[in-house]
Amino acid sequence: MAEIFENAPLVETVCEVLFPGEPAVESRRDEFYESVRSEFPKVFVPKVKEGESPALLPYTFKNEEESEWLNTAINKFSLITFKYEGFDAFKSRFLRYFKVFYERYRVKKLNRMGLRYVNHIPILREKGKIPIRNYLNLGYEIPPSISKEFDDFRTELVTKMGEGD
């Protein structure tokens, strides 16, 4: 069993699957909802803005405490939790719900699958600025077992320079 740390900075965990659009998700969403209704009784319908496609925006089903959400759209499925109890428990829950979703709509191909952890680390500003050196050793050291060539890599730091950022 995974060890749970009371003061861990983890505040959100998301696993999302993207797949080619499947119209059955939109037209028979109620069937999936019936299978999760007892655990996720709260239904949130997306608010559509001008220029957005309603089918691409997910419906969100939330548990009573709103600590866990399921999102479904014509081309995506995700589980979000705000009460992380370790990877094994999260993986098990995700697979349980995705299996029901997959069997209902026969998703044949995945375009992308992502797992994201969101940490909240309180940082005290000094004179309105983030003293980054107090929290991070900037620089990158890549382990020898990982390729030194990347298809994509992003780091963003923002500071004021005159009138701009």
# chains A, B, ... in the order shown; residues from 1 in each chain; ligands from 1
call {"tool": "residues_around", "arguments": {"residues": "A:Thr155", "least_positions_apart": "5", "cutoff": "12 Å", "atoms": "only C-alpha atoms", "output": "number ranges by chain"}}
result
A: 138-140
call {"tool": "write_last_selection", "arguments": {"atoms": "N, CA and C atoms", "output": "PDB file, in the first residue's frame"}}
result
ATOM      1  N   LEU A 138      17.938  26.023 -10.386  1.00  0.00           N
ATOM      2  CA  LEU A 138      17.669  26.024 -11.819  1.00  0.00           C
ATOM      3  C   LEU A 138      18.807  25.369 -12.573  1.00  0.00           C
ATOM      4  N   GLY A 139      18.445  24.686 -13.603  1.00  0.00           N
ATOM      5  CA  GLY A 139      19.389  23.952 -14.425  1.00  0.00           C
ATOM      6  C   GLY A 139      18.811  22.558 -14.635  1.00  0.00           C
ATOM      7  N   TYR A 140      19.266  21.903 -15.649  1.00  0.00           N
ATOM      8  CA  TYR A 140      18.719  20.595 -15.967  1.00  0.00           C
ATOM      9  C   TYR A 140      19.838  19.570 -16.020  1.00  0.00           C
TER      10      TYR A 140
END
call {"tool": "select_by_dssp", "arguments": {"residues": "stretch 62-122 of chain A", "states": "strand (DSSP E or B)", "output": "PDB file with all heavy atoms, in the first residue's frame"}}
result
ATOM      1  N   LYS A  62     -19.865  14.818 -10.739  1.00  0.00           N
ATOM      2  CA  LYS A  62     -19.095  14.970  -9.508  1.00  0.00           C
ATOM      3  C   LYS A  62     -19.698  14.135  -8.387  1.00  0.00           C
ATOM      4  O   LYS A  62     -20.915  13.975  -8.323  1.00  0.00           O
ATOM      5  CB  LYS A  62     -19.068  16.440  -9.069  1.00  0.00           C
ATOM      6  CG  LYS A  62     -18.392  17.354 -10.077  1.00  0.00           C
ATOM      7  CD  LYS A  62     -18.387  18.796  -9.599  1.00  0.00           C
ATOM      8  CE  LYS A  62     -17.782  19.721 -10.644  1.00  0.00           C
ATOM      9  NZ  LYS A  62     -17.748  21.127 -10.167  1.00  0.00           N
ATOM     10  N   GLU A  68     -14.085  14.320  -6.479  1.00  0.00           N
ATOM     11  CA  GLU A  68     -13.737  13.482  -7.627  1.00  0.00           C
ATOM     12  C   GLU A  68     -14.722  13.792  -8.752  1.00  0.00           C
ATOM     13  O   GLU A  68     -15.922  13.924  -8.512  1.00  0.00           O
ATOM     14  CB  GLU A  68     -13.817  12.005  -7.227  1.00  0.00           C
ATOM     15  CG  GLU A  68     -13.089  11.096  -8.171  1.00  0.00           C
ATOM     16  CD  GLU A  68     -12.876   9.718  -7.561  1.00  0.00           C
ATOM     17  OE1 GLU A  68     -13.862   9.050  -7.207  1.00  0.00           O
ATOM     18  OE2 GLU A  68     -11.708   9.319  -7.461  1.00  0.00           O
ATOM     19  N   TRP A  69     -14.176  13.915  -9.963  1.00  0.00           N
ATOM     20  CA  TRP A  69     -14.987  14.265 -11.128  1.00  0.00           C
ATOM     21  C   TRP A  69     -14.716  13.303 -12.265  1.00  0.00           C
ATOM     22  O   TRP A  69     -13.575  12.882 -12.481  1.00  0.00           O
ATOM     23  CB  TRP A  69     -14.651  15.659 -11.648  1.00  0.00           C
ATOM     24  CG  TRP A  69     -14.731  16.788 -10.686  1.00  0.00           C
ATOM     25  CD1 TRP A  69     -15.075  16.769  -9.360  1.00  0.00           C
ATOM     26  CD2 TRP A  69     -14.429  18.153 -10.989  1.00  0.00           C
ATOM     27  NE1 TRP A  69     -15.011  18.039  -8.832  1.00  0.00           N
ATOM     28  CE2 TRP A  69     -14.618  18.902  -9.801  1.00  0.00           C
ATOM     29  CE3 TRP A  69     -14.026  18.798 -12.145  1.00  0.00           C
ATOM     30  CZ2 TRP A  69     -14.416  20.279  -9.755  1.00  0.00           C
ATOM     31  CZ3 TRP A  69     -13.823  20.161 -12.089  1.00  0.00           C
ATOM     32  CH2 TRP A  69     -14.022  20.894 -10.902  1.00  0.00           C
ATOM     33  N   LEU A  70     -15.747  13.013 -13.047  1.00  0.00           N
ATOM     34  CA  LEU A  70     -15.609  12.322 -14.326  1.00  0.00           C
ATOM     35  C   LEU A  70     -16.051  13.296 -15.404  1.00  0.00           C
ATOM     36  O   LEU A  70     -17.106  13.924 -15.280  1.00  0.00           O
ATOM     37  CB  LEU A  70     -16.509  11.076 -14.383  1.00  0.00           C
ATOM     38  CG  LEU A  70     -16.082   9.867 -13.584  1.00  0.00           C
ATOM     39  CD1 LEU A  70     -17.180   8.799 -13.622  1.00  0.00           C
ATOM     40  CD2 LEU A  70     -14.781   9.302 -14.103  1.00  0.00           C
ATOM     41  N   ASN A  71     -15.256  13.441 -16.455  1.00  0.00           N
ATOM     42  CA  ASN A  71     -15.608  14.291 -17.591  1.00  0.00           C
ATOM     43  C   ASN A  71     -15.778  13.411 -18.821  1.00  0.00           C
ATOM     44  O   ASN A  71     -14.949  12.544 -19.075  1.00  0.00           O
ATOM     45  CB  ASN A  71     -14.502  15.314 -17.887  1.00  0.00           C
ATOM     46  CG  ASN A  71     -14.430  16.396 -16.839  1.00  0.00           C
ATOM     47  OD1 ASN A  71     -15.437  16.767 -16.253  1.00  0.00           O
ATOM     48  ND2 ASN A  71     -13.245  16.914 -16.602  1.00  0.00           N
ATOM     49  N   THR A  72     -16.844  13.656 -19.580  1.00  0.00           N
ATOM     50  CA  THR A  72     -17.049  12.932 -20.830  1.00  0.00           C
ATOM     51  C   THR A  72     -17.446  13.915 -21.917  1.00  0.00           C
ATOM     52  O   THR A  72     -18.248  14.817 -21.696  1.00  0.00           O
ATOM     53  CB  THR A  72     -18.153  11.857 -20.708  1.00  0.00           C
ATOM     54  OG1 THR A  72     -19.404  12.486 -20.457  1.00  0.00           O
ATOM     55  CG2 THR A  72     -17.839  10.869 -19.597  1.00  0.00           C
ATOM     56  N   ALA A  73     -16.853  13.735 -23.078  1.00  0.00           N
ATOM     57  CA  ALA A  73     -17.203  14.523 -24.259  1.00  0.00           C
ATOM     58  C   ALA A  73     -17.103  13.587 -25.453  1.00  0.00           C
ATOM     59  O   ALA A  73     -16.653  12.439 -25.327  1.00  0.00           O
ATOM     60  CB  ALA A  73     -16.269  15.721 -24.418  1.00  0.00           C
ATOM     61  N   LYS A  76     -13.312  12.765 -25.534  1.00  0.00           N
ATOM     62  CA  LYS A  76     -12.437  12.669 -24.363  1.00  0.00           C
ATOM     63  C   LYS A  76     -13.143  12.071 -23.166  1.00  0.00           C
ATOM     64  O   LYS A  76     -14.366  12.123 -23.042  1.00  0.00           O
ATOM     65  CB  LYS A  76     -11.827  14.010 -24.000  1.00  0.00           C
ATOM     66  CG  LYS A  76     -12.739  14.962 -23.274  1.00  0.00           C
ATOM     67  CD  LYS A  76     -12.031  16.237 -22.846  1.00  0.00           C
ATOM     68  CE  LYS A  76     -11.742  17.094 -24.034  1.00  0.00           C
ATOM     69  NZ  LYS A  76     -11.324  18.453 -23.727  1.00  0.00           N
ATOM     70  N   PHE A  77     -12.314  11.526 -22.285  1.00  0.00           N
ATOM     71  CA  PHE A  77     -12.769  10.974 -21.017  1.00  0.00           C
ATOM     72  C   PHE A  77     -11.698  11.274 -19.994  1.00  0.00           C
ATOM     73  O   PHE A  77     -10.505  11.109 -20.270  1.00  0.00           O
ATOM     74  CB  PHE A  77     -12.945   9.448 -21.122  1.00  0.00           C
ATOM     75  CG  PHE A  77     -13.284   8.802 -19.813  1.00  0.00           C
ATOM     76  CD1 PHE A  77     -14.606   8.664 -19.426  1.00  0.00           C
ATOM     77  CD2 PHE A  77     -12.292   8.343 -18.961  1.00  0.00           C
ATOM     78  CE1 PHE A  77     -14.925   8.077 -18.212  1.00  0.00           C
ATOM     79  CE2 PHE A  77     -12.604   7.759 -17.747  1.00  0.00           C
ATOM     80  CZ  PHE A  77     -13.923   7.628 -17.373  1.00  0.00           C
ATOM     81  N   SER A  78     -12.091  11.725 -18.797  1.00  0.00           N
ATOM     82  CA  SER A  78     -11.082  11.961 -17.770  1.00  0.00           C
ATOM     83  C   SER A  78     -11.648  11.727 -16.379  1.00  0.00           C
ATOM     84  O   SER A  78     -12.853  11.840 -16.150  1.00  0.00           O
ATOM     85  CB  SER A  78     -10.505  13.382 -17.875  1.00  0.00           C
ATOM     86  OG  SER A  78     -11.491  14.349 -17.600  1.00  0.00           O
ATOM     87  N   LEU A  79     -10.721  11.390 -15.491  1.00  0.00           N
ATOM     88  CA  LEU A  79     -11.014  11.290 -14.063  1.00  0.00           C
ATOM     89  C   LEU A  79     -10.120  12.296 -13.376  1.00  0.00           C
ATOM     90  O   LEU A  79      -8.916  12.349 -13.641  1.00  0.00           O
ATOM     91  CB  LEU A  79     -10.713   9.881 -13.534  1.00  0.00           C
ATOM     92  CG  LEU A  79     -10.759   9.715 -12.005  1.00  0.00           C
ATOM     93  CD1 LEU A  79     -12.181   9.927 -11.475  1.00  0.00           C
ATOM     94  CD2 LEU A  79     -10.240   8.342 -11.598  1.00  0.00           C
ATOM     95  N   ILE A  80     -10.711  13.091 -12.497  1.00  0.00           N
ATOM     96  CA  ILE A  80      -9.973  14.087 -11.724  1.00  0.00           C
ATOM     97  C   ILE A  80     -10.255  13.819 -10.259  1.00  0.00           C
ATOM     98  O   ILE A  80     -11.407  13.606  -9.876  1.00  0.00           O
ATOM     99  CB  ILE A  80     -10.439  15.519 -12.077  1.00  0.00           C
ATOM    100  CG1 ILE A  80     -10.241  15.792 -13.559  1.00  0.00           C
ATOM    101  CG2 ILE A  80      -9.715  16.559 -11.220  1.00  0.00           C
ATOM    102  CD1 ILE A  80     -10.917  17.055 -14.051  1.00  0.00           C
ATOM    103  N   THR A  81      -9.205  13.812  -9.443  1.00  0.00           N
ATOM    104  CA  THR A  81      -9.402  13.669  -8.008  1.00  0.00           C
ATOM    105  C   THR A  81      -8.637  14.751  -7.267  1.00  0.00           C
ATOM    106  O   THR A  81      -7.567  15.167  -7.703  1.00  0.00           O
ATOM    107  CB  THR A  81      -8.995  12.270  -7.486  1.00  0.00           C
ATOM    108  OG1 THR A  81      -9.377  12.177  -6.111  1.00  0.00           O
ATOM    109  CG2 THR A  81      -7.516  12.015  -7.618  1.00  0.00           C
ATOM    110  N   ARG A 112      -4.364  10.210 -27.534  1.00  0.00           N
ATOM    111  CA  ARG A 112      -3.431  10.663 -26.503  1.00  0.00           C
ATOM    112  C   ARG A 112      -3.961  10.266 -25.135  1.00  0.00           C
ATOM    113  O   ARG A 112      -5.167  10.258 -24.905  1.00  0.00           O
ATOM    114  CB  ARG A 112      -3.310  12.192 -26.573  1.00  0.00           C
ATOM    115  CG  ARG A 112      -2.309  12.775 -25.626  1.00  0.00           C
ATOM    116  CD  ARG A 112      -2.252  14.309 -25.778  1.00  0.00           C
ATOM    117  NE  ARG A 112      -2.012  14.858 -24.478  1.00  0.00           N
ATOM    118  CZ  ARG A 112      -2.898  15.449 -23.697  1.00  0.00           C
ATOM    119  NH1 ARG A 112      -4.118  15.628 -24.102  1.00  0.00           N
ATOM    120  NH2 ARG A 112      -2.578  15.905 -22.528  1.00  0.00           N
ATOM    121  N   MET A 113      -3.035   9.953 -24.257  1.00  0.00           N
ATOM    122  CA  MET A 113      -3.401   9.708 -22.873  1.00  0.00           C
ATOM    123  C   MET A 113      -2.425  10.481 -22.019  1.00  0.00           C
ATOM    124  O   MET A 113      -1.224  10.456 -22.268  1.00  0.00           O
ATOM    125  CB  MET A 113      -3.333   8.223 -22.532  1.00  0.00           C
ATOM    126  CG  MET A 113      -3.734   7.917 -21.117  1.00  0.00           C
ATOM    127  SD  MET A 113      -3.805   6.144 -20.864  1.00  0.00           S
ATOM    128  CE  MET A 113      -4.506   6.105 -19.237  1.00  0.00           C
ATOM    129  N   GLY A 114      -2.935  11.193 -21.024  1.00  0.00           N
ATOM    130  CA  GLY A 114      -2.068  11.994 -20.181  1.00  0.00           C
ATOM    131  C   GLY A 114      -2.402  11.827 -18.715  1.00  0.00           C
ATOM    132  O   GLY A 114      -3.560  11.615 -18.350  1.00  0.00           O
ATOM    133  N   LEU A 115      -1.358  11.882 -17.898  1.00  0.00           N
ATOM    134  CA  LEU A 115      -1.505  11.842 -16.453  1.00  0.00           C
ATOM    135  C   LEU A 115      -0.846  13.092 -15.917  1.00  0.00           C
ATOM    136  O   LEU A 115       0.303  13.389 -16.270  1.00  0.00           O
ATOM    137  CB  LEU A 115      -0.817  10.594 -15.887  1.00  0.00           C
ATOM    138  CG  LEU A 115      -0.798  10.433 -14.377  1.00  0.00           C
ATOM    139  CD1 LEU A 115      -2.224  10.273 -13.827  1.00  0.00           C
ATOM    140  CD2 LEU A 115       0.040   9.208 -13.995  1.00  0.00           C
ATOM    141  N   ARG A 116      -1.571  13.852 -15.113  1.00  0.00           N
ATOM    142  CA  ARG A 116      -1.028  15.119 -14.617  1.00  0.00           C
ATOM    143  C   ARG A 116      -1.237  15.212 -13.113  1.00  0.00           C
ATOM    144  O   ARG A 116      -2.305  14.900 -12.594  1.00  0.00           O
ATOM    145  CB  ARG A 116      -1.739  16.289 -15.302  1.00  0.00           C
ATOM    146  CG  ARG A 116      -1.204  17.646 -14.863  1.00  0.00           C
ATOM    147  CD  ARG A 116      -1.867  18.805 -15.610  1.00  0.00           C
ATOM    148  NE  ARG A 116      -3.216  18.997 -15.133  1.00  0.00           N
ATOM    149  CZ  ARG A 116      -4.287  19.099 -15.900  1.00  0.00           C
ATOM    150  NH1 ARG A 116      -4.175  19.017 -17.197  1.00  0.00           N
ATOM    151  NH2 ARG A 116      -5.483  19.276 -15.384  1.00  0.00           N
ATOM    152  N   TYR A 117      -0.193  15.633 -12.443  1.00  0.00           N
ATOM    153  CA  TYR A 117      -0.251  15.906 -11.015  1.00  0.00           C
ATOM    154  C   TYR A 117      -0.087  17.412 -10.835  1.00  0.00           C
ATOM    155  O   TYR A 117       0.785  18.006 -11.450  1.00  0.00           O
ATOM    156  CB  TYR A 117       0.888  15.201 -10.264  1.00  0.00           C
ATOM    157  CG  TYR A 117       0.774  13.702 -10.280  1.00  0.00           C
ATOM    158  CD1 TYR A 117       1.467  12.939 -11.212  1.00  0.00           C
ATOM    159  CD2 TYR A 117      -0.015  13.048  -9.344  1.00  0.00           C
ATOM    160  CE1 TYR A 117       1.371  11.553 -11.204  1.00  0.00           C
ATOM    161  CE2 TYR A 117      -0.119  11.671  -9.337  1.00  0.00           C
ATOM    162  CZ  TYR A 117       0.584  10.932 -10.272  1.00  0.00           C
ATOM    163  OH  TYR A 117       0.486   9.567 -10.266  1.00  0.00           O
ATOM    164  N   VAL A 118      -0.917  18.008 -10.003  1.00  0.00           N
ATOM    165  CA  VAL A 118      -0.827  19.438  -9.727  1.00  0.00           C
ATOM    166  C   VAL A 118      -0.459  19.599  -8.259  1.00  0.00           C
ATOM    167  O   VAL A 118      -1.168  19.115  -7.376  1.00  0.00           O
ATOM    168  CB  VAL A 118      -2.157  20.160 -10.028  1.00  0.00           C
ATOM    169  CG1 VAL A 118      -2.058  21.640  -9.691  1.00  0.00           C
ATOM    170  CG2 VAL A 118      -2.564  19.953 -11.486  1.00  0.00           C
ATOM    171  N   ASN A 119       0.664  20.247  -8.024  1.00  0.00           N
ATOM    172  CA  ASN A 119       1.127  20.515  -6.661  1.00  0.00           C
ATOM    173  C   ASN A 119       0.908  21.987  -6.331  1.00  0.00           C
ATOM    174  O   ASN A 119       1.011  22.838  -7.208  1.00  0.00           O
ATOM    175  CB  ASN A 119       2.622  20.212  -6.531  1.00  0.00           C
ATOM    176  CG  ASN A 119       2.883  18.732  -6.577  1.00  0.00           C
ATOM    177  OD1 ASN A 119       2.428  17.995  -5.730  1.00  0.00           O
ATOM    178  ND2 ASN A 119       3.609  18.282  -7.588  1.00  0.00           N
TER     179      ASN A 119
END
call {"tool": "atom_distance", "arguments": {"atom1": "atom CA of A:Glu163", "atom2": "atom CA of A:Pro131"}}
result
20.7 Å
call {"tool": "closest_residue", "arguments": {"among": "A:Leu18, A:Val107, A:Leu57, A:Leu157", "to": "A:Val45", "atoms": "only C-alpha atoms"}}
result
A:Leu57
call {"tool": "closest_residue", "arguments": {"among": "A:Ser38, A:Asn137, A:Thr13, A:Ser147", "to": "A:Phe82", "atoms": "only C-alpha atoms"}}
result
A:Thr13
call {"tool": "residues_around", "arguments": {"residues": "A:Arg106", "least_positions_apart": "4", "cutoff": "12 Å", "atoms": "only C-alpha atoms", "output": "PDB file with all heavy atoms, in the first residue's frame"}}
result
ATOM      1  N   PHE A  19      -9.576  10.701 -27.902  1.00  0.00           N
ATOM      2  CA  PHE A  19      -9.808   9.716 -28.962  1.00  0.00           C
ATOM      3  C   PHE A  19     -10.566  10.400 -30.096  1.00  0.00           C
ATOM      4  O   PHE A  19     -11.134  11.489 -29.901  1.00  0.00           O
ATOM      5  CB  PHE A  19     -10.597   8.514 -28.417  1.00  0.00           C
ATOM      6  CG  PHE A  19     -11.818   8.885 -27.614  1.00  0.00           C
ATOM      7  CD1 PHE A  19     -13.050   9.069 -28.223  1.00  0.00           C
ATOM      8  CD2 PHE A  19     -11.730   9.051 -26.239  1.00  0.00           C
ATOM      9  CE1 PHE A  19     -14.166   9.421 -27.481  1.00  0.00           C
ATOM     10  CE2 PHE A  19     -12.840   9.385 -25.488  1.00  0.00           C
ATOM     11  CZ  PHE A  19     -14.066   9.572 -26.107  1.00  0.00           C
ATOM     12  N   PRO A  20     -10.576   9.786 -31.298  1.00  0.00           N
ATOM     13  CA  PRO A  20     -11.367  10.387 -32.382  1.00  0.00           C
ATOM     14  C   PRO A  20     -12.825  10.490 -31.953  1.00  0.00           C
ATOM     15  O   PRO A  20     -13.321   9.651 -31.194  1.00  0.00           O
ATOM     16  CB  PRO A  20     -11.206   9.388 -33.534  1.00  0.00           C
ATOM     17  CG  PRO A  20      -9.949   8.648 -33.222  1.00  0.00           C
ATOM     18  CD  PRO A  20      -9.878   8.575 -31.717  1.00  0.00           C
ATOM     19  N   GLY A  21     -13.490  11.516 -32.394  1.00  0.00           N
ATOM     20  CA  GLY A  21     -14.880  11.750 -31.994  1.00  0.00           C
ATOM     21  C   GLY A  21     -15.764  10.531 -32.200  1.00  0.00           C
ATOM     22  O   GLY A  21     -15.697   9.870 -33.237  1.00  0.00           O
ATOM     23  N   GLU A  22     -16.573  10.244 -31.210  1.00  0.00           N
ATOM     24  CA  GLU A  22     -17.511   9.123 -31.253  1.00  0.00           C
ATOM     25  C   GLU A  22     -18.903   9.666 -30.941  1.00  0.00           C
ATOM     26  O   GLU A  22     -19.217   9.946 -29.783  1.00  0.00           O
ATOM     27  CB  GLU A  22     -17.106   8.053 -30.248  1.00  0.00           C
ATOM     28  CG  GLU A  22     -18.040   6.871 -30.156  1.00  0.00           C
ATOM     29  CD  GLU A  22     -18.317   6.230 -31.502  1.00  0.00           C
ATOM     30  OE1 GLU A  22     -17.362   5.768 -32.155  1.00  0.00           O
ATOM     31  OE2 GLU A  22     -19.500   6.226 -31.916  1.00  0.00           O
ATOM     32  N   PRO A  23     -19.755   9.853 -31.975  1.00  0.00           N
ATOM     33  CA  PRO A  23     -21.079  10.449 -31.765  1.00  0.00           C
ATOM     34  C   PRO A  23     -21.941   9.750 -30.722  1.00  0.00           C
ATOM     35  O   PRO A  23     -22.766  10.393 -30.070  1.00  0.00           O
ATOM     36  CB  PRO A  23     -21.732  10.368 -33.150  1.00  0.00           C
ATOM     37  CG  PRO A  23     -20.567  10.369 -34.091  1.00  0.00           C
ATOM     38  CD  PRO A  23     -19.487   9.587 -33.389  1.00  0.00           C
ATOM     39  N   ALA A  24     -21.736   8.459 -30.502  1.00  0.00           N
ATOM     40  CA  ALA A  24     -22.543   7.735 -29.519  1.00  0.00           C
ATOM     41  C   ALA A  24     -22.364   8.315 -28.117  1.00  0.00           C
ATOM     42  O   ALA A  24     -23.288   8.258 -27.299  1.00  0.00           O
ATOM     43  CB  ALA A  24     -22.181   6.254 -29.527  1.00  0.00           C
ATOM     44  N   VAL A  25     -21.199   8.884 -27.831  1.00  0.00           N
ATOM     45  CA  VAL A  25     -20.975   9.481 -26.509  1.00  0.00           C
ATOM     46  C   VAL A  25     -21.953  10.623 -26.298  1.00  0.00           C
ATOM     47  O   VAL A  25     -22.539  10.766 -25.227  1.00  0.00           O
ATOM     48  CB  VAL A  25     -19.515   9.982 -26.367  1.00  0.00           C
ATOM     49  CG1 VAL A  25     -19.324  10.722 -25.053  1.00  0.00           C
ATOM     50  CG2 VAL A  25     -18.532   8.827 -26.495  1.00  0.00           C
ATOM     51  N   PHE A  98     -13.137   3.933 -16.926  1.00  0.00           N
ATOM     52  CA  PHE A  98     -12.848   3.948 -18.369  1.00  0.00           C
ATOM     53  C   PHE A  98     -13.310   2.655 -19.023  1.00  0.00           C
ATOM     54  O   PHE A  98     -13.768   2.666 -20.161  1.00  0.00           O
ATOM     55  CB  PHE A  98     -11.367   4.201 -18.652  1.00  0.00           C
ATOM     56  CG  PHE A  98     -11.096   4.352 -20.122  1.00  0.00           C
ATOM     57  CD1 PHE A  98     -11.597   5.444 -20.827  1.00  0.00           C
ATOM     58  CD2 PHE A  98     -10.378   3.395 -20.813  1.00  0.00           C
ATOM     59  CE1 PHE A  98     -11.381   5.582 -22.191  1.00  0.00           C
ATOM     60  CE2 PHE A  98     -10.153   3.533 -22.176  1.00  0.00           C
ATOM     61  CZ  PHE A  98     -10.656   4.627 -22.868  1.00  0.00           C
ATOM     62  N   LYS A  99     -13.205   1.546 -18.320  1.00  0.00           N
ATOM     63  CA  LYS A  99     -13.673   0.267 -18.875  1.00  0.00           C
ATOM     64  C   LYS A  99     -15.168   0.341 -19.170  1.00  0.00           C
ATOM     65  O   LYS A  99     -15.629  -0.087 -20.227  1.00  0.00           O
ATOM     66  CB  LYS A  99     -13.370  -0.870 -17.913  1.00  0.00           C
ATOM     67  CG  LYS A  99     -13.814  -2.212 -18.432  1.00  0.00           C
ATOM     68  CD  LYS A  99     -13.491  -3.331 -17.460  1.00  0.00           C
ATOM     69  CE  LYS A  99     -13.976  -4.652 -18.051  1.00  0.00           C
ATOM     70  NZ  LYS A  99     -13.988  -5.722 -17.088  1.00  0.00           N
ATOM     71  N   VAL A 100     -15.939   0.882 -18.230  1.00  0.00           N
ATOM     72  CA  VAL A 100     -17.386   1.038 -18.440  1.00  0.00           C
ATOM     73  C   VAL A 100     -17.630   1.935 -19.656  1.00  0.00           C
ATOM     74  O   VAL A 100     -18.455   1.627 -20.520  1.00  0.00           O
ATOM     75  CB  VAL A 100     -18.065   1.631 -17.186  1.00  0.00           C
ATOM     76  CG1 VAL A 100     -19.519   2.001 -17.463  1.00  0.00           C
ATOM     77  CG2 VAL A 100     -17.959   0.656 -16.027  1.00  0.00           C
ATOM     78  N   PHE A 101     -16.897   3.053 -19.729  1.00  0.00           N
ATOM     79  CA  PHE A 101     -17.034   4.001 -20.839  1.00  0.00           C
ATOM     80  C   PHE A 101     -16.665   3.323 -22.163  1.00  0.00           C
ATOM     81  O   PHE A 101     -17.398   3.399 -23.146  1.00  0.00           O
ATOM     82  CB  PHE A 101     -16.128   5.201 -20.573  1.00  0.00           C
ATOM     83  CG  PHE A 101     -16.257   6.310 -21.572  1.00  0.00           C
ATOM     84  CD1 PHE A 101     -17.243   7.267 -21.431  1.00  0.00           C
ATOM     85  CD2 PHE A 101     -15.372   6.412 -22.641  1.00  0.00           C
ATOM     86  CE1 PHE A 101     -17.360   8.315 -22.340  1.00  0.00           C
ATOM     87  CE2 PHE A 101     -15.484   7.445 -23.546  1.00  0.00           C
ATOM     88  CZ  PHE A 101     -16.475   8.390 -23.399  1.00  0.00           C
ATOM     89  N   TYR A 102     -15.521   2.645 -22.181  1.00  0.00           N
ATOM     90  CA  TYR A 102     -15.037   1.969 -23.395  1.00  0.00           C
ATOM     91  C   TYR A 102     -16.035   0.917 -23.876  1.00  0.00           C
ATOM     92  O   TYR A 102     -16.350   0.842 -25.055  1.00  0.00           O
ATOM     93  CB  TYR A 102     -13.676   1.317 -23.114  1.00  0.00           C
ATOM     94  CG  TYR A 102     -13.262   0.356 -24.193  1.00  0.00           C
ATOM     95  CD1 TYR A 102     -12.676   0.818 -25.361  1.00  0.00           C
ATOM     96  CD2 TYR A 102     -13.490  -1.015 -24.065  1.00  0.00           C
ATOM     97  CE1 TYR A 102     -12.318  -0.057 -26.371  1.00  0.00           C
ATOM     98  CE2 TYR A 102     -13.139  -1.895 -25.064  1.00  0.00           C
ATOM     99  CZ  TYR A 102     -12.558  -1.411 -26.214  1.00  0.00           C
ATOM    100  OH  TYR A 102     -12.214  -2.274 -27.219  1.00  0.00           O
ATOM    101  N   LEU A 110      -6.977   5.432 -29.503  1.00  0.00           N
ATOM    102  CA  LEU A 110      -6.641   6.541 -28.613  1.00  0.00           C
ATOM    103  C   LEU A 110      -5.702   7.486 -29.337  1.00  0.00           C
ATOM    104  O   LEU A 110      -4.755   7.041 -29.981  1.00  0.00           O
ATOM    105  CB  LEU A 110      -5.964   6.038 -27.336  1.00  0.00           C
ATOM    106  CG  LEU A 110      -6.749   5.059 -26.484  1.00  0.00           C
ATOM    107  CD1 LEU A 110      -5.955   4.709 -25.225  1.00  0.00           C
ATOM    108  CD2 LEU A 110      -8.109   5.601 -26.118  1.00  0.00           C
TER     109      LEU A 110
END
call {"tool": "select_by_dssp", "arguments": {"residues": "chain A", "states": "alpha helix (DSSP H)", "output": "ChimeraX atom specification"}}
result
/A:23-27,29-36,87-105
call {"tool": "closest_residue", "arguments": {"among": "A:Glu126, A:Phe94, A:His120, A:Lys148", "to": "A:Pro9", "atoms": "only C-alpha atoms"}}
result
A:His120
call {"tool": "atom_distance", "arguments": {"atom1": "atom CA of A:Ala8", "atom2": "atom CA of A:Ile123"}}
result
14.7 Å
call {"tool": "atom_distance", "arguments": {"atom1": "atom CA of A:Lys91", "atom2": "atom CA of A:Ile74"}}
result
22.5 Å
call {"tool": "residues_around", "arguments": {"residues": "A:Phe44", "least_positions_apart": "4", "cutoff": "8 Å", "atoms": "only C-alpha atoms", "output": "list in words"}}
result
Tyr59, Thr60, Phe61 and Lys62 of chain A
call {"tool": "closest_residue", "arguments": {"among": "A:Ser67, A:Asn75, A:Thr159, A:Ser145", "to": "A:Tyr105", "atoms": "only C-alpha atoms"}}
result
A:Asn75
